[in-house]
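Enquirer: Please find data31.cif (mmCIF, C-alpha atoms and all ligand atoms) on the next line:
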data_structure
loop_
_atom_site.label_atom_id
_atom_site.label_comp_id
_atom_site.auth_asym_id
_atom_site.auth_seq_id
_atom_site.Cartn_x
_atom_site.Cartn_y
_atom_site.Cartn_z
CA MET A 1 14.49 -42.90 7.23
CA ARG A 2 11.73 -44.90 5.57
CA ALA A 3 9.91 -41.71 4.61
CA MET A 4 13.16 -40.23 3.30
CA ASN A 5 13.83 -43.27 1.11
CA ARG A 6 10.27 -43.29 -0.15
CA ASN A 7 10.59 -39.62 -1.03
CA LEU A 8 13.94 -40.26 -2.72
CA ILE A 9 12.44 -42.99 -4.93
CA LEU A 10 9.38 -40.90 -5.74
CA ASN A 11 11.57 -37.93 -6.71
CA ILE A 12 13.79 -40.03 -8.98
CA VAL A 13 10.72 -41.48 -10.73
CA ARG A 14 9.19 -38.00 -11.05
CA SER A 15 12.28 -36.33 -12.45
CA GLN A 16 13.82 -39.14 -14.52
CA GLY A 17 11.03 -41.63 -15.18
CA PRO A 18 9.94 -43.84 -16.78
CA LEU A 19 12.51 -46.09 -15.12
CA SER A 20 12.87 -49.79 -14.42
CA ARG A 21 13.34 -51.16 -10.91
CA THR A 22 16.97 -51.94 -11.80
CA GLN A 23 17.60 -48.34 -12.89
CA LEU A 24 15.92 -47.09 -9.72
CA THR A 25 18.20 -49.27 -7.60
CA GLU A 26 21.28 -47.91 -9.39
CA LEU A 27 20.18 -44.28 -9.19
CA SER A 28 19.03 -44.39 -5.58
CA GLY A 29 21.92 -46.36 -4.12
CA LEU A 30 19.39 -48.33 -2.03
CA SER A 31 19.29 -52.12 -1.83
CA VAL A 32 17.24 -54.19 -4.28
CA GLY A 33 14.97 -55.30 -1.43
CA ALA A 34 14.40 -51.76 -0.17
CA VAL A 35 13.57 -50.45 -3.65
CA SER A 36 11.22 -53.36 -4.29
CA GLN A 37 9.36 -52.73 -1.01
CA ILE A 38 9.06 -48.96 -1.58
CA VAL A 39 7.93 -49.45 -5.20
CA ASN A 40 5.22 -51.88 -4.07
CA ASP A 41 4.02 -49.37 -1.46
CA LEU A 42 4.00 -46.52 -3.99
CA LEU A 43 2.10 -48.66 -6.51
CA GLU A 44 -0.44 -49.59 -3.86
CA ASP A 45 -0.89 -45.94 -2.87
CA LYS A 46 -1.20 -45.07 -6.61
CA TRP A 47 1.65 -42.55 -6.51
CA ILE A 48 3.29 -44.38 -9.41
CA ASN A 49 2.11 -46.48 -12.37
CA GLU A 50 3.57 -49.36 -14.30
CA VAL A 51 3.79 -48.44 -17.98
CA GLY A 52 4.64 -51.03 -20.62
CA GLU A 53 8.11 -52.47 -20.93
CA SER A 54 11.50 -51.04 -21.85
CA ASP A 55 13.04 -51.69 -25.29
CA TYR A 56 14.46 -55.10 -25.76
CA THR A 57 18.22 -54.68 -25.49
CA GLY A 58 19.30 -58.28 -25.11
CA GLY A 59 18.48 -58.59 -21.43
CA ARG A 60 15.21 -59.33 -19.74
CA ARG A 61 12.32 -57.02 -20.60
CA GLN A 62 11.49 -54.79 -17.66
CA VAL A 63 8.32 -53.08 -16.55
CA MET A 64 8.80 -49.31 -16.40
CA LEU A 65 7.59 -47.07 -13.58
CA ARG A 66 6.40 -43.48 -13.84
CA LEU A 67 4.74 -40.93 -11.62
CA ASN A 68 0.94 -41.20 -11.68
CA PRO A 69 0.05 -37.62 -12.73
CA THR A 70 -3.41 -37.97 -11.22
CA ALA A 71 -2.17 -39.14 -7.80
CA GLY A 72 -3.42 -35.75 -6.73
CA TYR A 73 -4.39 -32.34 -8.02
CA VAL A 74 -3.13 -28.87 -7.30
CA VAL A 75 -4.51 -25.38 -7.76
CA GLY A 76 -2.46 -22.38 -8.84
CA LEU A 77 -3.50 -18.74 -8.60
CA LYS A 78 -1.87 -15.58 -9.79
CA LEU A 79 -3.07 -12.48 -8.02
CA MET A 80 -2.79 -9.29 -10.07
CA GLU A 81 -3.79 -5.67 -9.52
CA ASN A 82 -7.38 -6.15 -10.65
CA ARG A 83 -7.65 -9.79 -11.80
CA VAL A 84 -7.04 -13.32 -10.60
CA VAL A 85 -6.20 -16.25 -12.84
CA CYS A 86 -6.63 -19.78 -11.53
CA ALA A 87 -5.55 -23.18 -12.89
CA VAL A 88 -6.48 -26.62 -11.61
CA SER A 89 -3.85 -29.11 -12.72
CA ASP A 90 -2.56 -32.62 -12.17
CA LEU A 91 0.89 -33.34 -10.73
CA GLU A 92 2.57 -32.77 -14.11
CA THR A 93 0.90 -29.32 -14.20
CA THR A 94 -1.33 -30.29 -17.11
CA VAL A 95 -4.10 -27.71 -16.78
CA LEU A 96 -7.60 -29.22 -16.40
CA ASN A 97 -9.52 -26.01 -15.73
CA TYR A 98 -8.63 -22.35 -16.07
CA LEU A 99 -10.49 -19.29 -14.80
CA ASP A 100 -9.84 -15.59 -15.32
CA GLU A 101 -11.79 -13.54 -12.77
CA PRO A 102 -11.94 -9.81 -12.05
CA LEU A 103 -10.89 -8.69 -8.57
CA THR A 104 -13.69 -6.37 -7.57
CA GLY A 105 -14.66 -4.83 -4.24
CA SER A 106 -12.37 -4.27 -1.28
CA HIS A 107 -8.66 -4.96 -1.65
CA SER A 108 -8.20 -5.57 2.07
CA PRO A 109 -6.25 -8.77 2.82
CA ASP A 110 -9.35 -10.38 4.41
CA ALA A 111 -11.57 -9.64 1.42
CA VAL A 112 -8.96 -10.77 -1.13
CA ALA A 113 -8.26 -14.00 0.82
CA GLU A 114 -11.97 -14.80 0.79
CA THR A 115 -12.28 -14.04 -2.93
CA LEU A 116 -9.30 -16.27 -3.74
CA ALA A 117 -10.79 -19.12 -1.70
CA GLN A 118 -14.14 -18.75 -3.52
CA ILE A 119 -12.39 -18.87 -6.89
CA VAL A 120 -10.59 -22.09 -5.87
CA ILE A 121 -13.85 -23.68 -4.70
CA HIS A 122 -15.58 -22.68 -7.95
CA ALA A 123 -12.72 -23.94 -10.14
CA LEU A 124 -12.70 -27.30 -8.32
CA TYR A 125 -16.48 -27.58 -8.49
CA GLN A 126 -16.37 -27.14 -12.29
CA THR A 127 -13.84 -29.97 -12.68
CA GLY A 128 -15.64 -32.30 -10.27
CA ILE A 129 -12.46 -32.80 -8.23
CA THR A 130 -13.23 -33.10 -4.53
CA ARG A 131 -11.10 -31.29 -1.99
CA ASP A 132 -9.68 -34.50 -0.49
CA HIS A 133 -7.87 -35.11 -3.80
CA VAL A 134 -6.26 -31.67 -3.77
CA ARG A 135 -2.69 -31.59 -2.43
CA GLY A 136 -2.50 -27.85 -2.02
CA VAL A 137 -3.02 -24.38 -3.40
CA GLY A 138 -0.22 -22.14 -4.66
CA VAL A 139 -0.50 -18.37 -4.94
CA GLY A 140 1.92 -16.20 -6.88
CA LEU A 141 1.98 -12.43 -6.64
CA ALA A 142 4.40 -9.59 -7.19
CA GLY A 143 6.31 -8.24 -4.23
CA VAL A 144 8.47 -9.31 -1.34
CA ILE A 145 7.01 -12.64 -0.34
CA ASP A 146 8.34 -14.98 2.33
CA GLY A 147 7.45 -18.41 0.95
CA GLU A 148 8.52 -20.20 4.12
CA SER A 149 6.13 -18.33 6.42
CA GLY A 150 3.44 -17.50 3.82
CA ILE A 151 3.73 -13.79 4.58
CA VAL A 152 3.44 -10.92 2.08
CA HIS A 153 6.08 -8.51 3.40
CA TYR A 154 5.30 -5.97 0.72
CA SER A 155 2.84 -5.90 -2.16
CA PRO A 156 3.32 -3.01 -4.61
CA PHE A 157 -0.25 -3.32 -5.96
CA PHE A 158 -2.17 -3.53 -2.69
CA HIS A 159 0.33 -1.72 -0.42
CA TRP A 160 0.06 -4.54 2.10
CA GLN A 161 2.82 -5.02 4.62
CA HIS A 162 3.47 -8.18 6.66
CA VAL A 163 0.18 -9.89 5.79
CA SER A 164 -0.15 -13.63 6.57
CA LEU A 165 -2.06 -14.24 3.35
CA ALA A 166 -1.39 -18.00 3.06
CA GLY A 167 -2.87 -18.67 6.50
CA MET A 168 -5.88 -16.48 5.78
CA ILE A 169 -6.70 -18.36 2.56
CA ALA A 170 -6.02 -21.74 4.20
CA ARG A 171 -8.61 -21.03 6.90
CA HIS A 172 -11.31 -20.73 4.21
CA LEU A 173 -10.23 -23.87 2.33
CA SER A 174 -8.83 -26.30 4.91
CA LEU A 175 -6.04 -27.05 2.44
CA PRO A 176 -2.32 -26.30 2.59
CA VAL A 177 -1.68 -22.94 0.92
CA TYR A 178 1.74 -21.86 -0.32
CA LEU A 179 2.71 -18.34 -1.27
CA GLU A 180 5.58 -17.20 -3.44
CA ASN A 181 6.73 -14.28 -5.51
CA ASP A 182 5.16 -14.78 -8.95
CA VAL A 183 8.47 -14.87 -10.82
CA ASN A 184 9.71 -17.49 -8.36
CA THR A 185 6.69 -19.71 -9.12
CA LEU A 186 7.64 -19.60 -12.81
CA THR A 187 11.25 -20.34 -11.95
CA ILE A 188 10.28 -23.37 -9.84
CA THR A 189 8.08 -24.68 -12.67
CA GLU A 190 10.91 -24.22 -15.20
CA GLN A 191 13.12 -26.17 -12.81
CA LEU A 192 10.63 -29.01 -12.33
CA PHE A 193 9.17 -29.37 -15.81
CA GLY A 194 10.82 -26.91 -18.15
CA SER A 195 14.13 -25.79 -19.59
CA GLY A 196 15.74 -25.43 -16.16
CA HIS A 197 15.43 -29.16 -15.52
CA ASP A 198 18.88 -30.40 -14.46
CA VAL A 199 20.51 -26.97 -14.95
CA SER A 200 22.36 -26.16 -11.71
CA ASN A 201 22.61 -22.38 -12.22
CA PHE A 202 20.00 -20.44 -14.19
CA VAL A 203 17.92 -17.28 -14.08
CA VAL A 204 14.45 -16.34 -15.34
CA MET A 205 13.89 -12.71 -16.29
CA THR A 206 10.34 -11.56 -16.89
CA MET A 207 9.18 -8.39 -18.61
CA GLY A 208 5.68 -7.00 -18.73
CA ARG A 209 3.80 -4.82 -16.27
CA GLY A 210 6.95 -5.13 -14.14
CA ILE A 211 10.40 -6.63 -14.51
CA GLY A 212 11.30 -9.61 -12.34
CA LEU A 213 14.02 -12.14 -11.77
CA GLY A 214 14.14 -15.70 -10.44
CA VAL A 215 17.51 -17.17 -9.49
CA VAL A 216 18.50 -20.84 -9.14
CA ILE A 217 21.90 -21.46 -7.57
CA ASN A 218 23.25 -24.99 -7.20
CA HIS A 219 19.81 -26.46 -8.06
CA GLN A 220 18.11 -24.38 -5.33
CA LEU A 221 15.80 -21.42 -5.78
CA TYR A 222 17.65 -18.55 -4.13
CA ARG A 223 15.23 -16.67 -1.83
CA GLY A 224 17.63 -14.53 0.14
CA HIS A 225 16.55 -12.95 3.38
CA LYS A 226 12.72 -12.79 3.71
CA GLY A 227 12.20 -13.72 0.06
CA GLY A 228 13.25 -10.32 -1.25
CA VAL A 229 15.33 -11.63 -4.14
CA GLY A 230 14.98 -10.59 -7.75
CA GLU A 231 13.72 -7.01 -7.60
CA LEU A 232 15.56 -6.47 -10.84
CA GLY A 233 12.98 -3.89 -11.89
CA HIS A 234 14.13 -1.60 -9.08
CA ILE A 235 17.84 -1.38 -9.71
CA THR A 236 18.66 2.28 -10.38
CA LEU A 237 19.90 2.93 -13.89
CA GLU A 238 19.41 6.71 -13.97
CA ALA A 239 19.86 8.52 -10.68
CA ASP A 240 17.49 11.37 -11.68
CA GLY A 241 15.37 9.32 -14.05
CA PRO A 242 11.59 8.97 -14.25
CA LEU A 243 9.56 8.29 -11.11
CA CYS A 244 8.87 4.60 -10.43
CA ASP A 245 5.77 3.06 -8.77
CA CYS A 246 8.05 2.18 -5.86
CA GLY A 247 8.56 5.88 -5.12
CA LYS A 248 12.19 6.03 -6.27
CA ARG A 249 13.61 7.48 -9.47
CA GLY A 250 15.30 5.92 -12.47
CA CYS A 251 14.48 2.26 -11.73
CA LEU A 252 14.81 -0.21 -14.62
CA GLU A 253 11.04 -0.74 -14.43
CA ALA A 254 10.32 2.99 -14.82
CA LEU A 255 12.60 3.09 -17.86
CA ALA A 256 11.81 -0.19 -19.63
CA ALA A 257 8.66 -2.05 -18.46
CA ASP A 258 5.53 -2.06 -20.64
CA PRO A 259 3.93 0.98 -18.94
CA ALA A 260 7.14 2.97 -19.60
CA VAL A 261 6.94 2.05 -23.31
CA LEU A 262 3.26 3.04 -23.47
CA GLY A 263 3.93 6.26 -21.56
CA SER A 264 6.68 7.39 -23.89
CA VAL A 265 4.53 7.00 -27.03
CA LYS A 266 1.18 8.24 -25.73
CA ASP A 267 1.59 11.78 -27.10
CA SER A 268 2.09 10.50 -30.63
CA PHE A 269 -1.13 8.45 -30.73
CA GLU A 270 -4.64 9.85 -30.67
CA SER A 271 -6.14 7.18 -28.42
CA PRO A 272 -4.69 4.88 -25.71
CA VAL A 273 -2.61 2.05 -27.19
CA THR A 274 -1.53 -1.43 -26.11
CA LEU A 275 1.95 -2.92 -26.44
CA ASP A 276 0.74 -4.80 -29.53
CA ASP A 277 -0.34 -1.51 -31.12
CA VAL A 278 3.10 -0.02 -30.46
CA VAL A 279 4.83 -3.07 -31.96
CA GLN A 280 2.62 -2.91 -35.07
CA ALA A 281 3.29 0.81 -35.42
CA ALA A 282 7.04 0.17 -35.09
CA ASP A 283 6.80 -2.49 -37.81
CA ARG A 284 5.13 0.09 -40.07
CA GLY A 285 8.06 2.43 -39.46
CA HIS A 286 6.55 4.69 -36.77
CA SER A 287 9.70 6.32 -35.42
CA THR A 288 8.46 7.15 -31.89
CA ALA A 289 7.20 3.57 -31.43
CA ARG A 290 10.51 2.18 -32.68
CA GLU A 291 12.53 4.42 -30.39
CA ALA A 292 10.39 3.49 -27.37
CA LEU A 293 10.89 -0.26 -27.92
CA ASP A 294 14.55 0.25 -28.72
CA ARG A 295 15.11 2.23 -25.52
CA SER A 296 13.22 -0.37 -23.47
CA GLY A 297 15.39 -3.13 -24.95
CA TYR A 298 18.55 -1.16 -24.29
CA TYR A 299 17.77 -0.75 -20.57
CA LEU A 300 16.58 -4.37 -20.23
CA GLY A 301 19.95 -5.44 -21.66
CA LEU A 302 21.76 -3.27 -19.09
CA GLY A 303 19.76 -4.92 -16.30
CA LEU A 304 20.37 -8.41 -17.65
CA ALA A 305 24.11 -7.72 -18.01
CA THR A 306 24.17 -6.92 -14.28
CA VAL A 307 22.41 -10.23 -13.58
CA VAL A 308 25.02 -12.13 -15.63
CA ASN A 309 27.86 -10.28 -13.91
CA LEU A 310 26.46 -11.13 -10.48
CA PHE A 311 25.33 -14.75 -10.98
CA CYS A 312 27.17 -16.13 -14.05
CA PRO A 313 24.25 -18.43 -15.02
CA ALA A 314 24.52 -21.26 -17.56
CA LEU A 315 21.02 -20.49 -18.84
CA ILE A 316 18.93 -17.33 -19.11
CA ILE A 317 15.19 -17.72 -19.70
CA VAL A 318 13.58 -14.49 -20.92
CA SER A 319 9.82 -14.54 -20.45
CA GLY A 320 6.75 -12.55 -19.49
CA GLU A 321 4.00 -10.93 -21.57
CA GLY A 322 6.38 -8.23 -22.84
CA VAL A 323 8.40 -10.79 -24.81
CA SER A 324 5.61 -10.66 -27.39
CA ALA A 325 7.08 -7.35 -28.61
CA GLY A 326 9.63 -9.48 -30.46
CA ALA A 327 12.78 -8.39 -32.25
CA CYS A 328 12.20 -4.63 -32.04
CA ARG A 329 12.60 -4.91 -28.27
CA LEU A 330 14.72 -8.06 -27.91
CA ASP A 331 17.43 -7.31 -30.49
CA PRO A 332 18.49 -4.07 -28.77
CA MET A 333 18.28 -5.93 -25.46
CA PHE A 334 20.71 -8.63 -26.61
CA GLU A 335 22.99 -5.99 -28.11
CA SER A 336 23.32 -4.03 -24.86
CA LEU A 337 23.54 -7.30 -22.90
CA ARG A 338 26.59 -8.30 -24.96
CA GLU A 339 28.08 -4.85 -24.72
CA HIS A 340 27.78 -4.55 -20.94
CA THR A 341 28.50 -8.08 -19.68
CA PHE A 342 31.88 -8.55 -18.05
CA ASN A 343 34.51 -10.01 -20.34
CA GLY A 344 33.77 -13.64 -21.23
CA LEU A 345 30.88 -14.25 -18.83
CA LEU A 346 28.36 -14.54 -21.65
CA ASP A 347 30.39 -17.12 -23.57
CA GLY A 348 28.46 -20.38 -23.92
CA VAL A 349 25.46 -19.07 -21.98
CA GLU A 350 22.22 -20.45 -23.39
CA ILE A 351 19.48 -17.82 -23.80
CA LEU A 352 15.88 -18.94 -24.33
CA VAL A 353 13.04 -16.58 -25.15
CA LYS A 354 9.71 -17.97 -23.96
CA PRO A 355 6.55 -16.04 -24.78
CA MET A 356 3.90 -16.59 -22.15
CA ASP A 357 0.36 -15.74 -21.19
CA ASP A 358 -1.63 -15.48 -17.96
CA GLN A 359 -2.36 -19.21 -17.92
CA ALA A 360 1.38 -19.88 -17.73
CA TRP A 361 1.53 -17.76 -14.56
CA ALA A 362 -1.32 -19.77 -12.99
CA ARG A 363 0.37 -23.01 -14.05
CA GLY A 364 3.57 -21.72 -12.43
CA ALA A 365 1.71 -21.28 -9.14
CA ALA A 366 0.38 -24.84 -9.47
CA GLY A 367 3.98 -25.98 -10.01
CA LEU A 368 4.91 -24.34 -6.71
CA VAL A 369 2.64 -26.82 -4.91
CA VAL A 370 4.08 -29.78 -6.83
CA GLY A 371 7.55 -28.59 -5.85
CA LYS A 372 6.52 -28.50 -2.18
CA LEU A 373 4.98 -31.93 -2.44
CA PHE A 374 8.21 -33.51 -3.63
CA GLU A 375 10.55 -31.71 -1.28
CA SER A 376 12.37 -33.88 1.23
CA PRO A 377 9.99 -34.77 4.08
CA LEU A 378 12.47 -33.15 6.49
CA VAL A 379 12.13 -29.85 4.66
CA ARG A 380 8.41 -30.33 4.09
CA SER A 381 7.68 -30.87 7.78
CA GLN A 382 8.73 -27.28 8.42
CA SER A 383 6.89 -25.45 5.70
CA PRO A 384 3.16 -26.25 5.22
CA ILE A 385 0.75 -23.63 6.43
CA PRO A 386 -1.61 -25.23 8.96
CA ALA A 387 -5.10 -25.40 7.51
CA ASN A 388 -7.23 -24.43 10.45
ZN ZN B 1 11.29 1.20 -8.57
#
What's the structure tokens form of this structure?
Expert:
Amino acid sequence: MRAMNRNLILNIVRSQGPLSRTQLTELSGLSVGAVSQIVNDLLEDKWINEVGESDYTGGRRQVMLRLNPTAGYVVGLKLMENRVVCAVSDLETTVLNYLDEPLTGSHSPDAVAETLAQIVIHALYQTGITRDHVRGVGVGLAGVIDGESGIVHYSPFFHWQHVSLAGMIARHLSLPVYLENDVNTLTITEQLFGSGHDVSNFVVMTMGRGIGLGVVINHQLYRGHKGGVGELGHITLEADGPLCDCGKRGCLEALAADPAVLGSVKDSFESPVTLDDVVQAADRGHSTAREALDRSGYYLGLGLATVVNLFCPALIIVSGEGVSAGACRLDPMFESLREHTFNGLLDGVEILVKPMDDQAWARGAAGLVVGKLFESPLVRSQSPIPAN
């Protein structure tokens, strides 16, 4: 009970601070004495700080309390097909060091786990943060990931099945390691620190190399069975459509992700192009480039309309590298979204477009660890991966 109350107070300070002791007592429903005792303990353990005084509003001036962002550090990694990005951050996910490393050599789970551990050690060494100040390591990657058990059930890039990756990395580092689908790490970070803060039902759709979806229902990340939620990229939109990386035909990803855009314009350019090149060509009036982005947007809108019809979110965050294509992709997306959403479900829904880069993915994985850290101790006692 004591640990629960301590966690409750810490979470209120983290999510709503700076707060006075009086506000904390009101918000927590605990007694004045209990709050005072817990606050003193948390101050002593340096989990929280006293910061100045609240505005003078006629009553007594009160010392405010906030989370000490350097009460610990976390490391976030995003594992991609041929690269790894790594961020060392404090507990507010302010990035202190960022590395972008190629993934060379064997792609066996053992070899990749060792490489990831070496990158973490190197990133920490550069910041001068010792391992005893690190609260955990978060790893985000595409695929069907069971965050509770730390198992990669399926990785489309490495073709792994049922690999206990979190445990394998933890053995190298002697730190807790948490694993999650990469879009879910972003979703958790939006929930903790971003636009999803205090929104009970929201979704995050990402577009780029793939197309992903994170879902928050009643303030909880929805993981479904075995973590296989959000494979939005693999809903079938054309039964006999183009072949997808997953082996099926006509998936949203095969029709609308960045590689699909690049594939459909490659014959009209002399050399290989990037998404930026296609966008610039479209802006200059290149008709094939325009059509490719328009078609991608159209199918993305169809996919997103299905998401709205299924989950009726209050907020949609549209993110991922592919957002950088801008209006020539997003306008047709919003048009088909409006056209294909069930009557009235889009009314009043807030839609935010958030451009992002690789560092944001690494920061998302760091946020995963912060999220674990502040979970109820009852939940937390079931989930860490033993570090031995
Ligand atoms: Zn597919």
Enquirer: Using only C-alpha atoms and all ligand atoms, find each protein or nucleic acid residue lying at most 9 Å from ligand ZN 1 (chain B); present the set as a list in words.
Expert: Glu231, Gly233, His234, Ile235, Thr236, Leu243, Cys244, Asp245, Cys246, Gly247, Lys248, Arg249, Gly250, Cys251, Leu252, Glu253 and Ala254 of chain A
Enquirer: With a cut-off of 8 Å, could you pull out the residues of stretch 141-183 of chain A touching stretch 207-230 of chain A and give me the nearest pair of atoms for each, distance in Å to one decimal, using all atoms listed in the file, ordered by chain and ascending number, as a tab-separated table?
Expert:
residue	atom	partner	partner_atom	distance
A:Gly143	CA	A:Gly228	CA	7.8
A:Val144	CA	A:Gly228	CA	4.9
A:Ile145	CA	A:Gly227	CA	5.3
A:Asp146	CA	A:Gly227	CA	4.7
A:Gly147	CA	A:Gly227	CA	6.7
A:His153	CA	A:Lys226	CA	7.9
A:Asn181	CA	A:Gly227	CA	7.8
A:Val183	CA	A:Gly214	CA	5.7
Enquirer: One decimal, in Å: what's the spacing between atom CA of A:Phe158 and atom CA of A:Ile119?
Expert: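 Computed distance, atom CA of A:Phe158 to atom CA of A:Ile119, equals 18.9 Å.
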Enquirer: Measure the distance from atom CA of A:Ala365 to atom CA of A:Lys78 in Å and round it to one decimal.
Expert: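 Value for the atom CA of A:Ala365-atom CA of A:Lys78 distance: 6.8 Å.
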Enquirer: Between A:Val353, A:Ala3, A:Cys328, A:Ala170, which residue has the minimum interatomic distance to A:Thr206, considering all atoms listed in the file?
Expert: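 Closest candidate: A:Val353.
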Enquirer: Tell me which of A:Leu173, A:Leu352, A:Ala239, A:Ala71 sits closest to A:Leu124, counting only C-alpha atoms.
Expert: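 The shortest atom-to-atom distance to A:Leu124 comes from A:Leu173.
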Enquirer: Considering all atoms listed in the file, can you say which of A:Glu350, A:Asp198, A:Glu50, A:Glu114 comes closest to A:Ile316?
Expert: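 Closest residue, counting all atoms listed in the file: A:Glu350.
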Enquirer: Using all atoms listed in the file, which residue out of A:Gln23, A:Thr70, A:Ser28, A:Ser324 lies closest to A:Ile48?
Expert: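 Closest to A:Ile48 of all the choices is A:Thr70.
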Enquirer: Neighbours of stretch 190-196 of chain A within 9 Å (only C-alpha atoms; same-chain residues fewer than 5 positions away dropped), as an mmCIF file with C-alpha atoms, in the coordinates of the input?
Expert:
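Printed below is out.cif as written:
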data_model
loop_
_atom_site.group_PDB
_atom_site.id
_atom_site.type_symbol
_atom_site.label_atom_id
_atom_site.label_comp_id
_atom_site.auth_asym_id
_atom_site.auth_seq_id
_atom_site.Cartn_x
_atom_site.Cartn_y
_atom_site.Cartn_z
ATOM 1 C CA SER A 15 12.280 -36.330 -12.450
ATOM 2 C CA GLU A 92 2.570 -32.770 -14.110
ATOM 3 C CA THR A 93 0.900 -29.320 -14.200
ATOM 4 C CA THR A 185 6.690 -19.710 -9.120
ATOM 5 C CA ASN A 201 22.610 -22.380 -12.220
ATOM 6 C CA PHE A 202 20.000 -20.440 -14.190
ATOM 7 C CA VAL A 203 17.920 -17.280 -14.080
ATOM 8 C CA VAL A 204 14.450 -16.340 -15.340
ATOM 9 C CA VAL A 216 18.500 -20.840 -9.140
ATOM 10 C CA HIS A 219 19.810 -26.460 -8.060
ATOM 11 C CA LEU A 221 15.800 -21.420 -5.780
ATOM 12 C CA LEU A 315 21.020 -20.490 -18.840
ATOM 13 C CA ILE A 317 15.190 -17.720 -19.700
ATOM 14 C CA LEU A 352 15.880 -18.940 -24.330
ATOM 15 C CA GLY A 364 3.570 -21.720 -12.430
ATOM 16 C CA GLY A 367 3.980 -25.980 -10.010
ATOM 17 C CA VAL A 370 4.080 -29.780 -6.830
ATOM 18 C CA GLY A 371 7.550 -28.590 -5.850
#
Enquirer: Would you mind telling me which residue in A:Ala117, A:Val51, A:Ile38, A:Val63 lies nearest to A:Thr22 when using only C-alpha atoms?
Expert: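 Nearest candidate to A:Thr22 out of A:Ala117, A:Val51, A:Ile38, A:Val63: A:Val63.
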Enquirer: Here is a test: counting all atoms listed in the file, which residue of A:Pro259, A:Pro102, A:Pro242, A:Pro109 is nearest to A:Glu81?
Expert: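 So, comparing all the options, the nearest one is A:Pro102.
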Enquirer: Atom CA of A:Leu368 and atom CA of A:Ile188, how far apart in Å?
Expert: 6.3 Å
Enquirer: Env of A:Gly348: 12 Å cut, atoms = all atoms listed in the file, seq-sep filter 3 positions within chain, self excluded. Answer as a list in words.
Expert: Cys312, Pro313, Ala314, Leu315, Ile316, Gly344, Leu345 and Ile351 of chain A
Enquirer: For stretch 200-211 of chain A, where the input has fewer atoms than it should, I would like N, CA and C atoms rebuilt and written as a short mmCIF file (atom, residue, chain, number, x, y, z; two decimals), in the frame of the given file.
Expert:
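Contents of part_25.cif, freshly written:
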data_model
loop_
_atom_site.label_atom_id
_atom_site.label_comp_id
_atom_site.auth_asym_id
_atom_site.auth_seq_id
_atom_site.Cartn_x
_atom_site.Cartn_y
_atom_site.Cartn_z
N SER A 200 22.08 -26.50 -13.11
CA SER A 200 22.36 -26.16 -11.71
C SER A 200 22.28 -24.66 -11.45
N ASN A 201 22.65 -23.83 -12.43
CA ASN A 201 22.61 -22.38 -12.22
C ASN A 201 21.89 -21.70 -13.39
N PHE A 202 20.71 -21.16 -13.13
CA PHE A 202 20.00 -20.44 -14.19
C PHE A 202 19.16 -19.31 -13.62
N VAL A 203 18.78 -18.39 -14.50
CA VAL A 203 17.92 -17.28 -14.08
C VAL A 203 16.74 -17.18 -15.04
N VAL A 204 15.62 -16.65 -14.51
CA VAL A 204 14.45 -16.34 -15.34
C VAL A 204 14.20 -14.85 -15.21
N MET A 205 14.24 -14.13 -16.33
CA MET A 205 13.89 -12.71 -16.29
C MET A 205 12.53 -12.53 -16.96
N THR A 206 11.64 -11.81 -16.29
CA THR A 206 10.34 -11.56 -16.89
C THR A 206 10.17 -10.07 -17.17
N MET A 207 9.50 -9.78 -18.28
CA MET A 207 9.18 -8.39 -18.61
C MET A 207 7.70 -8.30 -18.94
N GLY A 208 7.10 -7.22 -18.50
CA GLY A 208 5.68 -7.00 -18.73
C GLY A 208 5.26 -5.77 -17.96
N ARG A 209 4.23 -5.90 -17.15
CA ARG A 209 3.80 -4.82 -16.27
C ARG A 209 4.96 -4.40 -15.37
N GLY A 210 5.73 -5.37 -14.92
CA GLY A 210 6.95 -5.13 -14.14
C GLY A 210 8.11 -5.89 -14.75
N ILE A 211 9.24 -5.87 -14.06
CA ILE A 211 10.40 -6.63 -14.51
C ILE A 211 10.89 -7.44 -13.31
#
